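What follows is the content of upload_3.cif, which has mmCIF, C-alpha atoms and all ligand atoms:
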data_my_file
loop_
_atom_site.label_atom_id
_atom_site.label_comp_id
_atom_site.auth_asym_id
_atom_site.auth_seq_id
_atom_site.Cartn_x
_atom_site.Cartn_y
_atom_site.Cartn_z
CA MET A 1 80.34 171.65 166.71
CA LYS A 2 83.88 173.00 167.23
CA LYS A 3 86.17 174.09 164.42
CA THR A 4 89.88 173.43 164.11
CA ASP A 5 92.29 172.75 161.24
CA ILE A 6 93.64 169.36 162.35
CA VAL A 7 92.37 166.71 164.77
CA VAL A 8 94.83 164.17 166.16
CA VAL A 9 92.98 161.11 167.48
CA GLY A 10 94.93 159.28 170.20
CA ALA A 11 97.60 160.55 172.60
CA GLY A 12 100.06 157.66 172.61
CA ILE A 13 103.64 158.37 171.58
CA ALA A 14 102.57 158.72 167.90
CA GLY A 15 99.81 161.26 168.63
CA LEU A 16 101.89 163.18 171.19
CA THR A 17 104.83 163.44 168.78
CA ALA A 18 102.41 164.67 166.10
CA ALA A 19 101.15 167.29 168.59
CA ILE A 20 104.73 168.49 169.31
CA TYR A 21 105.43 168.92 165.58
CA LEU A 22 102.05 170.61 164.94
CA LYS A 23 102.61 173.05 167.78
CA ARG A 24 106.09 173.91 166.53
CA ALA A 25 104.62 174.42 163.03
CA ASN A 26 102.13 176.84 164.61
CA ALA A 27 99.21 174.75 163.38
CA ASP A 28 95.67 174.99 164.72
CA PHE A 29 94.85 171.56 166.14
CA VAL A 30 93.15 169.49 168.82
CA ILE A 31 94.55 166.25 170.24
CA LEU A 32 91.90 163.84 171.55
CA GLU A 33 92.46 161.02 174.03
CA GLY A 34 89.72 158.62 175.10
CA SER A 35 91.60 157.06 178.00
CA PHE A 36 95.06 157.75 179.50
CA PRO A 37 97.56 159.92 177.61
CA GLY A 38 100.65 157.88 176.77
CA GLY A 39 98.79 154.79 175.55
CA LEU A 40 101.01 151.71 175.78
CA LEU A 41 103.76 153.72 177.50
CA ASN A 42 101.63 153.42 180.65
CA LYS A 43 102.10 149.65 180.52
CA LEU A 44 105.71 149.14 179.42
CA LYS A 45 108.20 147.94 181.99
CA THR A 46 111.79 148.45 180.86
CA ILE A 47 112.55 149.96 177.46
CA GLU A 48 116.09 149.38 176.22
CA ASN A 49 115.90 150.45 172.60
CA TYR A 50 114.69 154.05 172.64
CA PRO A 51 117.56 156.28 171.45
CA GLY A 52 119.17 158.33 174.20
CA PHE A 53 117.91 156.06 176.99
CA PRO A 54 119.88 152.81 177.46
CA SER A 55 117.27 151.72 180.00
CA ILE A 56 114.12 153.56 181.01
CA THR A 57 110.69 152.50 182.26
CA GLY A 58 107.56 153.32 180.25
CA ASN A 59 106.40 155.53 183.07
CA GLU A 60 109.66 157.52 183.20
CA LEU A 61 109.61 158.07 179.43
CA LEU A 62 105.95 159.09 179.62
CA ILE A 63 106.68 161.69 182.34
CA LYS A 64 109.45 163.16 180.16
CA LEU A 65 107.16 163.19 177.12
CA MET A 66 104.27 164.80 179.03
CA ASN A 67 106.64 167.46 180.43
CA HIS A 68 107.78 168.20 176.88
CA VAL A 69 104.15 168.43 175.68
CA LYS A 70 103.17 170.69 178.59
CA SER A 71 106.23 172.94 178.12
CA LEU A 72 104.87 173.77 174.65
CA GLY A 73 101.44 174.61 176.08
CA ILE A 74 99.72 171.66 174.40
CA GLU A 75 96.49 170.59 176.09
CA ILE A 76 95.07 167.12 175.62
CA THR A 77 91.30 167.11 175.16
CA TYR A 78 89.37 164.21 176.64
CA GLY A 79 87.21 162.57 173.98
CA ASN A 80 86.68 159.06 172.74
CA ALA A 81 86.33 159.41 168.96
CA GLN A 82 83.31 157.48 167.71
CA SER A 83 83.40 158.25 163.99
CA ILE A 84 85.11 160.29 161.30
CA LEU A 85 82.90 161.44 158.44
CA LYS A 86 83.76 163.24 155.21
CA GLU A 87 82.20 166.70 155.33
CA GLY A 88 82.68 168.74 152.12
CA ASP A 89 86.45 169.25 151.67
CA GLY A 90 87.14 168.28 155.26
CA PHE A 91 86.09 165.93 158.04
CA ASP A 92 83.73 165.74 160.99
CA VAL A 93 85.17 163.92 164.01
CA LYS A 94 82.52 162.89 166.54
CA THR A 95 83.49 161.99 170.08
CA ASP A 96 81.34 160.97 173.05
CA VAL A 97 81.58 164.60 174.23
CA ASP A 98 81.79 166.87 171.19
CA SER A 99 82.22 167.03 167.45
CA TYR A 100 84.97 168.75 165.50
CA GLU A 101 84.90 170.13 161.98
CA CYS A 102 88.41 170.05 160.54
CA LYS A 103 90.42 169.99 157.32
CA SER A 104 92.69 167.09 158.20
CA VAL A 105 92.79 164.17 160.66
CA ILE A 106 95.74 162.19 162.03
CA VAL A 107 94.57 158.82 163.35
CA ALA A 108 96.98 157.52 166.01
CA THR A 109 94.77 155.14 167.94
CA GLY A 110 97.22 152.24 168.22
CA VAL A 111 96.09 148.62 168.36
CA ASN A 112 94.03 147.30 171.26
CA GLN A 113 95.90 144.59 173.12
CA SER A 114 93.97 141.50 174.10
CA ASN A 115 91.92 141.76 177.28
CA ASP A 116 91.87 138.02 177.66
CA SER A 117 95.59 137.37 177.58
CA ILE A 118 96.97 133.86 178.06
CA LYS A 119 97.90 132.90 181.63
CA GLY A 120 101.53 133.97 182.14
CA GLN A 121 101.56 136.31 179.11
CA ASP A 122 101.73 139.53 181.14
CA LYS A 123 103.92 138.02 183.89
CA PHE A 124 106.63 137.04 181.40
CA ALA A 125 106.38 140.09 179.09
CA GLY A 126 110.00 141.08 178.47
CA LEU A 127 111.14 137.81 180.08
CA GLY A 128 110.64 135.61 177.03
CA VAL A 129 107.27 136.95 175.88
CA SER A 130 107.87 139.37 173.04
CA TYR A 131 105.72 141.12 170.45
CA CYS A 132 108.47 141.98 168.02
CA ALA A 133 110.58 139.31 166.34
CA THR A 134 112.83 141.79 164.52
CA CYS A 135 113.62 143.54 167.82
CA ASP A 136 114.03 140.54 170.11
CA GLY A 137 114.69 137.63 167.74
CA ASN A 138 118.44 137.66 168.40
CA PHE A 139 117.87 136.80 172.07
CA PHE A 140 116.46 133.46 170.92
CA LYS A 141 119.22 132.44 168.47
CA GLY A 142 119.57 128.65 168.49
CA LEU A 143 116.72 128.21 171.01
CA ASP A 144 113.16 126.86 170.70
CA VAL A 145 110.30 129.37 170.49
CA ALA A 146 106.56 129.49 169.85
CA VAL A 147 104.55 131.94 167.79
CA ILE A 148 100.82 132.06 168.56
CA GLY A 149 98.41 133.30 165.92
CA ASN A 150 96.95 133.03 162.47
CA ASN A 151 97.39 136.34 160.73
CA ASP A 152 99.98 137.79 158.37
CA ILE A 153 101.95 139.29 161.26
CA ALA A 154 102.21 135.90 162.97
CA LEU A 155 103.29 134.32 159.67
CA GLU A 156 105.83 137.03 158.83
CA GLU A 157 107.30 136.95 162.34
CA SER A 158 107.47 133.12 162.20
CA LEU A 159 109.34 133.20 158.92
CA TYR A 160 111.82 135.74 160.27
CA LEU A 161 112.36 133.77 163.49
CA SER A 162 112.74 130.45 161.67
CA GLY A 163 116.02 131.81 160.25
CA LEU A 164 117.37 132.34 163.77
CA VAL A 165 116.00 129.75 166.13
CA ASN A 166 116.54 125.99 166.53
CA LYS A 167 112.85 125.06 166.40
CA LEU A 168 109.70 127.11 165.99
CA TYR A 169 106.20 126.01 166.93
CA LEU A 170 103.49 127.99 165.16
CA VAL A 171 100.40 127.46 167.31
CA ASN A 172 97.32 128.31 165.30
CA PRO A 173 93.99 128.35 167.19
CA GLU A 174 92.08 127.80 163.94
CA ASP A 175 91.85 124.66 161.79
CA LYS A 176 94.03 125.98 158.99
CA LEU A 177 96.32 128.92 158.31
CA ASN A 178 94.50 131.58 156.29
CA GLY A 179 97.05 134.33 155.78
CA ASN A 180 99.21 135.15 152.79
CA GLN A 181 99.71 131.90 150.79
CA LYS A 182 103.34 132.71 149.90
CA LEU A 183 104.19 133.02 153.59
CA ILE A 184 102.34 129.79 154.40
CA ASP A 185 104.21 127.92 151.64
CA SER A 186 107.60 129.23 152.84
CA LEU A 187 106.81 128.21 156.42
CA LYS A 188 105.75 124.73 155.34
CA LYS A 189 109.09 124.34 153.53
CA ALA A 190 111.16 125.41 156.56
CA ASN A 191 112.49 122.24 158.23
CA ASN A 192 112.58 123.73 161.74
CA VAL A 193 108.92 124.88 161.80
CA GLU A 194 106.12 122.75 163.25
CA ILE A 195 102.62 124.08 162.61
CA LEU A 196 100.09 123.09 165.26
CA ASN A 197 96.68 123.81 163.73
CA GLY A 198 93.51 123.91 165.85
CA LYS A 199 95.52 124.18 169.09
CA LYS A 200 95.27 126.70 171.92
CA VAL A 201 97.96 127.77 174.35
CA SER A 202 96.39 127.72 177.82
CA GLU A 203 99.46 128.84 179.78
CA ILE A 204 102.96 130.27 179.40
CA LYS A 205 105.12 128.84 182.17
CA GLY A 206 108.45 130.06 183.49
CA ASP A 207 110.77 130.64 186.41
CA ASP A 208 112.75 133.61 187.79
CA PHE A 209 114.84 133.72 184.59
CA GLY A 210 111.97 133.73 182.12
CA VAL A 211 109.79 131.51 179.96
CA THR A 212 110.43 127.77 180.10
CA SER A 213 107.42 126.23 178.32
CA ILE A 214 103.92 126.58 176.90
CA VAL A 215 100.96 124.37 177.68
CA VAL A 216 99.10 123.26 174.54
CA ASP A 217 96.07 121.06 175.07
CA GLU A 218 97.45 119.95 178.46
CA LYS A 219 100.79 118.98 176.86
CA GLU A 220 103.83 120.98 177.97
CA ILE A 221 106.23 122.03 175.19
CA PRO A 222 109.61 123.44 176.33
CA VAL A 223 110.35 126.85 174.74
CA SER A 224 112.46 129.86 175.72
CA GLY A 225 110.42 132.47 173.90
CA VAL A 226 106.78 133.14 173.00
CA PHE A 227 105.49 135.60 170.43
CA PRO A 228 101.70 136.01 170.87
CA TYR A 229 99.82 137.57 167.97
CA VAL A 230 96.30 136.65 169.01
CA GLY A 231 93.73 138.90 170.56
CA LYS A 232 94.92 142.18 169.04
CA LYS A 233 91.78 144.10 168.19
CA SER A 234 91.36 146.86 165.70
CA THR A 235 90.91 150.46 166.77
CA THR A 236 89.82 151.35 163.26
CA GLN A 237 86.04 151.16 163.79
CA ILE A 238 86.11 154.96 163.72
CA LEU A 239 87.11 154.67 160.07
CA ASN A 240 84.18 152.43 159.11
CA ASN A 241 82.46 155.24 157.21
CA LEU A 242 85.54 156.48 155.38
CA LYS A 243 86.84 152.99 154.55
CA PRO A 244 90.49 153.84 153.78
CA GLU A 245 92.60 151.08 152.22
CA MET A 246 93.56 148.57 154.89
CA HIS A 247 95.73 145.48 155.27
CA GLY A 248 93.79 143.40 157.81
CA ILE A 249 93.38 145.59 160.90
CA PHE A 250 96.09 148.03 159.79
CA VAL A 251 95.78 151.20 157.69
CA ASN A 252 97.80 151.61 154.49
CA VAL A 253 99.70 154.89 154.16
CA ASP A 254 102.14 156.45 151.70
CA SER A 255 105.53 158.00 152.49
CA LYS A 256 103.71 161.10 153.85
CA GLN A 257 101.73 158.90 156.27
CA GLN A 258 98.67 159.82 154.21
CA THR A 259 95.97 157.21 153.56
CA ASN A 260 94.36 156.93 150.14
CA ILE A 261 91.89 159.58 151.41
CA GLU A 262 93.27 163.10 150.97
CA GLY A 263 93.82 164.84 154.29
CA LEU A 264 93.49 161.64 156.34
CA TYR A 265 96.80 160.56 157.90
CA ALA A 266 97.69 157.67 160.18
CA ALA A 267 100.59 157.18 162.59
CA GLY A 268 101.93 154.59 165.00
CA ASP A 269 100.89 150.99 165.59
CA ILE A 270 97.68 151.40 163.58
CA VAL A 271 99.74 151.69 160.39
CA ASP A 272 100.55 148.70 158.20
CA LYS A 273 104.32 148.36 158.64
CA LYS A 274 107.01 145.88 159.60
CA LEU A 275 108.23 147.35 162.90
CA ARG A 276 105.76 148.46 165.62
CA GLN A 277 107.95 150.23 168.16
CA LEU A 278 108.08 153.51 170.09
CA VAL A 279 110.70 154.96 167.78
CA THR A 280 108.71 154.15 164.61
CA ALA A 281 105.47 155.45 166.18
CA ALA A 282 107.23 158.75 167.01
CA ASN A 283 108.64 158.84 163.47
CA ASP A 284 105.17 158.34 161.95
CA GLY A 285 103.70 161.08 164.17
CA ALA A 286 106.38 163.57 163.10
CA ILE A 287 105.90 162.81 159.40
CA ALA A 288 102.09 162.84 159.58
CA ALA A 289 102.08 166.18 161.44
CA THR A 290 104.52 167.85 159.05
CA ASN A 291 102.47 166.78 156.04
CA ALA A 292 99.06 167.51 157.60
CA ALA A 293 100.25 171.04 158.50
CA GLN A 294 101.48 171.53 154.93
CA PHE A 295 98.22 170.12 153.53
CA VAL A 296 96.15 172.60 155.55
CA LYS A 297 98.46 175.54 154.71
CA GLU A 298 98.10 174.89 150.97
CA ARG A 299 94.30 175.05 151.28
CA LYS A 300 94.13 178.41 153.09
C1 LIG B 1 104.22 144.29 175.93
C2 LIG B 1 104.81 145.30 174.98
C3 LIG B 1 106.13 145.64 175.11
C4 LIG B 1 106.69 146.58 174.23
N1 LIG B 1 107.99 146.93 174.41
C5 LIG B 1 108.56 147.86 173.61
C6 LIG B 1 109.92 148.27 173.78
O1 LIG B 1 110.63 147.77 174.66
N2 LIG B 1 110.42 149.21 172.94
C7 LIG B 1 109.68 149.78 171.94
O2 LIG B 1 110.20 150.64 171.23
N3 LIG B 1 108.37 149.43 171.75
C8 LIG B 1 107.80 148.48 172.56
N4 LIG B 1 106.49 148.10 172.36
C9 LIG B 1 105.74 148.72 171.24
C10 LIG B 1 105.27 150.17 171.59
O3 LIG B 1 104.70 150.17 172.89
C11 LIG B 1 104.26 150.65 170.55
O4 LIG B 1 104.81 150.49 169.26
C12 LIG B 1 103.89 152.13 170.75
O5 LIG B 1 103.57 152.41 172.10
C13 LIG B 1 102.71 152.50 169.84
O6 LIG B 1 102.34 153.82 170.07
P1 LIG B 1 100.99 154.42 169.44
O7 LIG B 1 100.96 155.87 169.83
O8 LIG B 1 100.88 154.06 168.02
O9 LIG B 1 99.81 153.61 170.14
P2 LIG B 1 99.34 153.53 171.66
O10 LIG B 1 100.47 153.66 172.61
O11 LIG B 1 98.51 152.29 171.71
O12 LIG B 1 98.40 154.82 171.85
C14 LIG B 1 97.16 154.94 171.22
C15 LIG B 1 96.31 155.90 172.03
O13 LIG B 1 95.10 156.17 171.33
C16 LIG B 1 94.03 156.18 172.25
N5 LIG B 1 92.79 155.86 171.53
C17 LIG B 1 92.45 154.68 170.93
N6 LIG B 1 91.25 154.77 170.33
C18 LIG B 1 90.82 156.05 170.55
C19 LIG B 1 89.64 156.75 170.19
N7 LIG B 1 88.66 156.18 169.47
N8 LIG B 1 89.52 158.04 170.60
C20 LIG B 1 90.48 158.65 171.33
N9 LIG B 1 91.63 158.02 171.71
C21 LIG B 1 91.79 156.74 171.32
C22 LIG B 1 94.39 155.10 173.28
O14 LIG B 1 93.69 155.28 174.50
C23 LIG B 1 95.91 155.34 173.41
O15 LIG B 1 96.21 156.28 174.41
C24 LIG B 1 105.91 147.18 173.20
C25 LIG B 1 104.55 146.82 173.07
C26 LIG B 1 104.01 145.89 173.94
C27 LIG B 1 102.55 145.51 173.78
#
Please rewrite the model in this file as structure tokens.
Amino acid sequence: MKKTDIVVVGAGIAGLTAAIYLKRANADFVILEGSFPGGLLNKLKTIENYPGFPSITGNELLIKLMNHVKSLGIEITYGNAQSILKEGDGFDVKTDVDSYECKSVIVATGVNQSNDSIKGQDKFAGLGVSYCATCDGNFFKGLDVAVIGNNDIALEESLYLSGLVNKLYLVNPEDKLNGNQKLIDSLKKANNVEILNGKKVSEIKGDDFGVTSIVVDEKEIPVSGVFPYVGKKSTTQILNNLKPEMHGIFVNVDSKQQTNIEGLYAAGDIVDKKLRQLVTAANDGAIAATNAAQFVKERK
């Protein structure tokens, strides 16, 4: 068992930003990563909305971020966190390699993307396939789009997009929509939304310029944009013992990024929020770190 004040779980942009702030606050901490540091940054093609960089690849931004982290002398510890338990006033974080006794934890484990993505989903990512209606919705003004999914995010994104696009197909793989009833009612009232219950998208088709259609039960529907919200899996199994308040697969936090459990913070895509982007993940990491450092200081 190792001892430290704060454990950051996950070294995506949220966890790495938390580490930068913790280091600069002179805090005693460990940052754990179970796979590749950088998280989703390893997979992003072109990023055009991160302040200071009109256009940068995920890999280029990751190299800059890792250089920043290294320049501060921060070391990333390999460890896939398996569980977080309450231990007296603090926590016990168990990984596949070690366990850490600490006073505070920042969970920044992101959201697992689907392993079984729809044919064409990866090929057309950024070319009509988007995961953020508020960021990319304007590109589809007056066009036809499809949202795939049956959770509150899919419903919220559909409602937002319905105010911009010509026609929206909400393709729901289940027999009925089971999210927030208010959202369902609003979508049913929108005259440009067609809900396709019990249908699966088997392929997203396109050409050199981007998405042109989706294939639903062997029928091709022309669309210019697709917003898939199926297949995202939770990374919150490590919280199964603590059971913080959640909204679906996302963790509820207050303005300090603290969960309803004292000393337990969350940052990045794992948090229940409207906008899941690099800039908001970095923001969460900075806020969580500042408050976790303060939390620990007050208990010394
Ligand atoms: C296709 C796509 C395109 C996107 N394009 C843009 C864009 O153009 N601009 C933009 O701003 N945002 C974009 N985003 C969103 C952005 O990538 C995310 O909001 C951001 O990367 C989230 O960062 P994070 O640190 O919360 O999570 P992640 O980047 O997912 O990092 C989480 C880290 O935690 C690690 N981890 C998970 N579980 C454990 C565990 N148990 N123990 C130890 N480590 C663990 C993971 O290995 C990972 O490294 C895009 C997302 C997608 C999917």
Exercise for the section: Considering all atoms listed in the file, return as number ranges by chain whatever protein or nucleic-acid residues lie within 10 Å of region 282-291 of chain A, sequence-local ones (same chain, fewer than 4 positions apart) excluded. Expected result: A: 6, 8, 12-25, 27, 104-108, 253, 255-258, 263-269, 271, 277-278, 295-297
Can you tell me which residues sit at most 6 Å away from ligand LIG 1 (chain B), counting all atoms listed in the file, written as a PDB file with C-alpha atoms, in the frame of the given file?
ATOM      1  CA  VAL A   9      92.980 161.110 167.480  1.00  0.00           C
ATOM      2  CA  GLY A  10      94.930 159.280 170.200  1.00  0.00           C
ATOM      3  CA  ALA A  11      97.600 160.550 172.600  1.00  0.00           C
ATOM      4  CA  GLY A  12     100.060 157.660 172.610  1.00  0.00           C
ATOM      5  CA  ILE A  13     103.640 158.370 171.580  1.00  0.00           C
ATOM      6  CA  ALA A  14     102.570 158.720 167.900  1.00  0.00           C
ATOM      7  CA  GLY A  15      99.810 161.260 168.630  1.00  0.00           C
ATOM      8  CA  LEU A  32      91.900 163.840 171.550  1.00  0.00           C
ATOM      9  CA  GLU A  33      92.460 161.020 174.030  1.00  0.00           C
ATOM     10  CA  GLY A  34      89.720 158.620 175.100  1.00  0.00           C
ATOM     11  CA  SER A  35      91.600 157.060 178.000  1.00  0.00           C
ATOM     12  CA  PHE A  36      95.060 157.750 179.500  1.00  0.00           C
ATOM     13  CA  PRO A  37      97.560 159.920 177.610  1.00  0.00           C
ATOM     14  CA  GLY A  38     100.650 157.880 176.770  1.00  0.00           C
ATOM     15  CA  GLY A  39      98.790 154.790 175.550  1.00  0.00           C
ATOM     16  CA  LEU A  40     101.010 151.710 175.780  1.00  0.00           C
ATOM     17  CA  LEU A  41     103.760 153.720 177.500  1.00  0.00           C
ATOM     18  CA  LEU A  44     105.710 149.140 179.420  1.00  0.00           C
ATOM     19  CA  ILE A  47     112.550 149.960 177.460  1.00  0.00           C
ATOM     20  CA  GLU A  48     116.090 149.380 176.220  1.00  0.00           C
ATOM     21  CA  ASN A  49     115.900 150.450 172.600  1.00  0.00           C
ATOM     22  CA  TYR A  50     114.690 154.050 172.640  1.00  0.00           C
ATOM     23  CA  GLY A  79      87.210 162.570 173.980  1.00  0.00           C
ATOM     24  CA  ASN A  80      86.680 159.060 172.740  1.00  0.00           C
ATOM     25  CA  ALA A  81      86.330 159.410 168.960  1.00  0.00           C
ATOM     26  CA  GLN A  82      83.310 157.480 167.710  1.00  0.00           C
ATOM     27  CA  ALA A 108      96.980 157.520 166.010  1.00  0.00           C
ATOM     28  CA  THR A 109      94.770 155.140 167.940  1.00  0.00           C
ATOM     29  CA  GLY A 110      97.220 152.240 168.220  1.00  0.00           C
ATOM     30  CA  VAL A 111      96.090 148.620 168.360  1.00  0.00           C
ATOM     31  CA  ALA A 125     106.380 140.090 179.090  1.00  0.00           C
ATOM     32  CA  THR A 235      90.910 150.460 166.770  1.00  0.00           C
ATOM     33  CA  GLY A 268     101.930 154.590 165.000  1.00  0.00           C
ATOM     34  CA  ASP A 269     100.890 150.990 165.590  1.00  0.00           C
ATOM     35  CA  ARG A 276     105.760 148.460 165.620  1.00  0.00           C
ATOM     36  CA  GLN A 277     107.950 150.230 168.160  1.00  0.00           C
ATOM     37  CA  LEU A 278     108.080 153.510 170.090  1.00  0.00           C
ATOM     38  CA  VAL A 279     110.700 154.960 167.780  1.00  0.00           C
ATOM     39  CA  ALA A 281     105.470 155.450 166.180  1.00  0.00           C
TER      40      ALA A 281
END
Exercise for the section: Rounded to one decimal place, report the CA of Lys45 (chain A)-CA of Ile148 (chain A) distance in Å. Expected result: 22.1 Å
Exercise for the section: List the neighbours of Leu170 (chain A) out to 7 Å using only C-alpha atoms; skip same-chain residues closer than 5 positions along the sequence, and give me the result as number ranges by chain. Expected result: A: 146-148, 194-196
Could you turn the residues from that selection into a file that holds C-alpha atoms, as a CSV table (one decimal), in the frame of the given file?
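Output file selection-v8.csv follows:
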chain,number,residue,atom,x,y,z
A,146,ALA,CA,106.6,129.5,169.8
A,147,VAL,CA,104.6,131.9,167.8
A,148,ILE,CA,100.8,132.1,168.6
A,194,GLU,CA,106.1,122.8,163.2
A,195,ILE,CA,102.6,124.1,162.6
A,196,LEU,CA,100.1,123.1,165.3
So that all listed atoms of region 282-291 of chain A fit with 6 Å spare on each side, what axis-aligned box centre and edge lengths in Å, to one decimal, would you give as lines of an AutoDock Vina configuration file?
center_x = 105.4
center_y = 163.1
center_z = 161.5
size_x = 18.6
size_y = 21.5
size_z = 23.0
Exercise for the section: For each of A:Leu155, A:Ile74, A:Gly52, A:Asn42, take the minimum atom-to-atom distance to Val30 (chain A), counting all atoms listed in the file, then give the residue where this is smallest. Expected result: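 That would be A:Ile74, the residue with the smallest distance to Val30 (chain A).
Checking A:Val211, A:Val223, A:Leu85, A:Val145 one by one against Glu157 (chain A), counting all atoms listed in the file, you find the shortest gap at A:Val145.
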Practice task
Could you tell me how far CA of Ile204 (chain A) lies from CA of Asp152 (chain A), in Å and to one decimal?
Solution key: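 Separation between CA of Ile204 (chain A) and CA of Asp152 (chain A): 22.5 Å.
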Problem - Two-atom distance - CA of Thr212 (chain A), CA of Cys135 (chain A) (Å) - result: 20.2 Å
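Distance check against Lys243 (chain A) using all atoms listed in the file: of A:Lys199, A:Pro54, A:Ser83, A:Gly128, the minimum falls on A:Ser83.
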Practice task
Write out as a count of residues only the residues lying within 10 Å of Lys86 (chain A), counting all atoms listed in the file and excluding same-chain residues fewer than 3 positions away.
Solution key: 12
Exercise for the section: Point out the residue among A:Lys219, A:Lys300, A:Lys200, A:Lys123 with the least atom-to-atom distance to Gly149 (chain A), counting only C-alpha atoms. Expected result: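 With only C-alpha atoms as the atom set, the closest residue is A:Lys200.
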Since the input has fewer atoms than a full residue there, write region 54-70 of chain A out with N, CA and C atoms, as a short mmCIF file (atom, residue, chain, number, x, y, z; two decimals), keeping the file's coordinate frame.
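The file below, out-v6.cif, is the result:
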data_model
loop_
_atom_site.label_atom_id
_atom_site.label_comp_id
_atom_site.auth_asym_id
_atom_site.auth_seq_id
_atom_site.Cartn_x
_atom_site.Cartn_y
_atom_site.Cartn_z
N PRO A 54 119.49 154.23 177.47
CA PRO A 54 119.88 152.81 177.46
C PRO A 54 118.89 151.93 178.21
N SER A 55 118.30 152.46 179.28
CA SER A 55 117.27 151.72 180.00
C SER A 55 116.36 152.71 180.71
N ILE A 56 115.09 152.61 180.41
CA ILE A 56 114.12 153.56 181.01
C ILE A 56 112.78 152.84 181.11
N THR A 57 112.01 153.13 182.16
CA THR A 57 110.69 152.50 182.26
C THR A 57 109.70 153.29 181.40
N GLY A 58 108.59 152.65 181.04
CA GLY A 58 107.56 153.32 180.25
C GLY A 58 107.06 154.57 180.97
N ASN A 59 106.92 154.42 182.28
CA ASN A 59 106.40 155.53 183.07
C ASN A 59 107.36 156.73 183.08
N GLU A 60 108.67 156.43 183.20
CA GLU A 60 109.66 157.52 183.20
C GLU A 60 109.67 158.24 181.85
N LEU A 61 109.61 157.46 180.77
CA LEU A 61 109.61 158.07 179.43
C LEU A 61 108.34 158.90 179.23
N LEU A 62 107.23 158.37 179.75
CA LEU A 62 105.95 159.09 179.62
C LEU A 62 106.01 160.43 180.36
N ILE A 63 106.58 160.43 181.57
CA ILE A 63 106.68 161.69 182.34
C ILE A 63 107.50 162.71 181.54
N LYS A 64 108.61 162.25 180.96
CA LYS A 64 109.45 163.16 180.16
C LYS A 64 108.68 163.69 178.95
N LEU A 65 107.93 162.80 178.32
CA LEU A 65 107.16 163.19 177.12
C LEU A 65 106.06 164.18 177.50
N MET A 66 105.35 163.90 178.61
CA MET A 66 104.27 164.80 179.03
C MET A 66 104.82 166.17 179.43
N ASN A 67 106.01 166.18 180.08
CA ASN A 67 106.64 167.46 180.43
C ASN A 67 106.98 168.26 179.18
N HIS A 68 107.45 167.55 178.15
CA HIS A 68 107.78 168.20 176.88
C HIS A 68 106.51 168.81 176.26
N VAL A 69 105.43 167.99 176.25
CA VAL A 69 104.15 168.43 175.68
C VAL A 69 103.62 169.66 176.44
N LYS A 70 103.68 169.58 177.78
CA LYS A 70 103.17 170.69 178.59
C LYS A 70 104.02 171.94 178.41
#
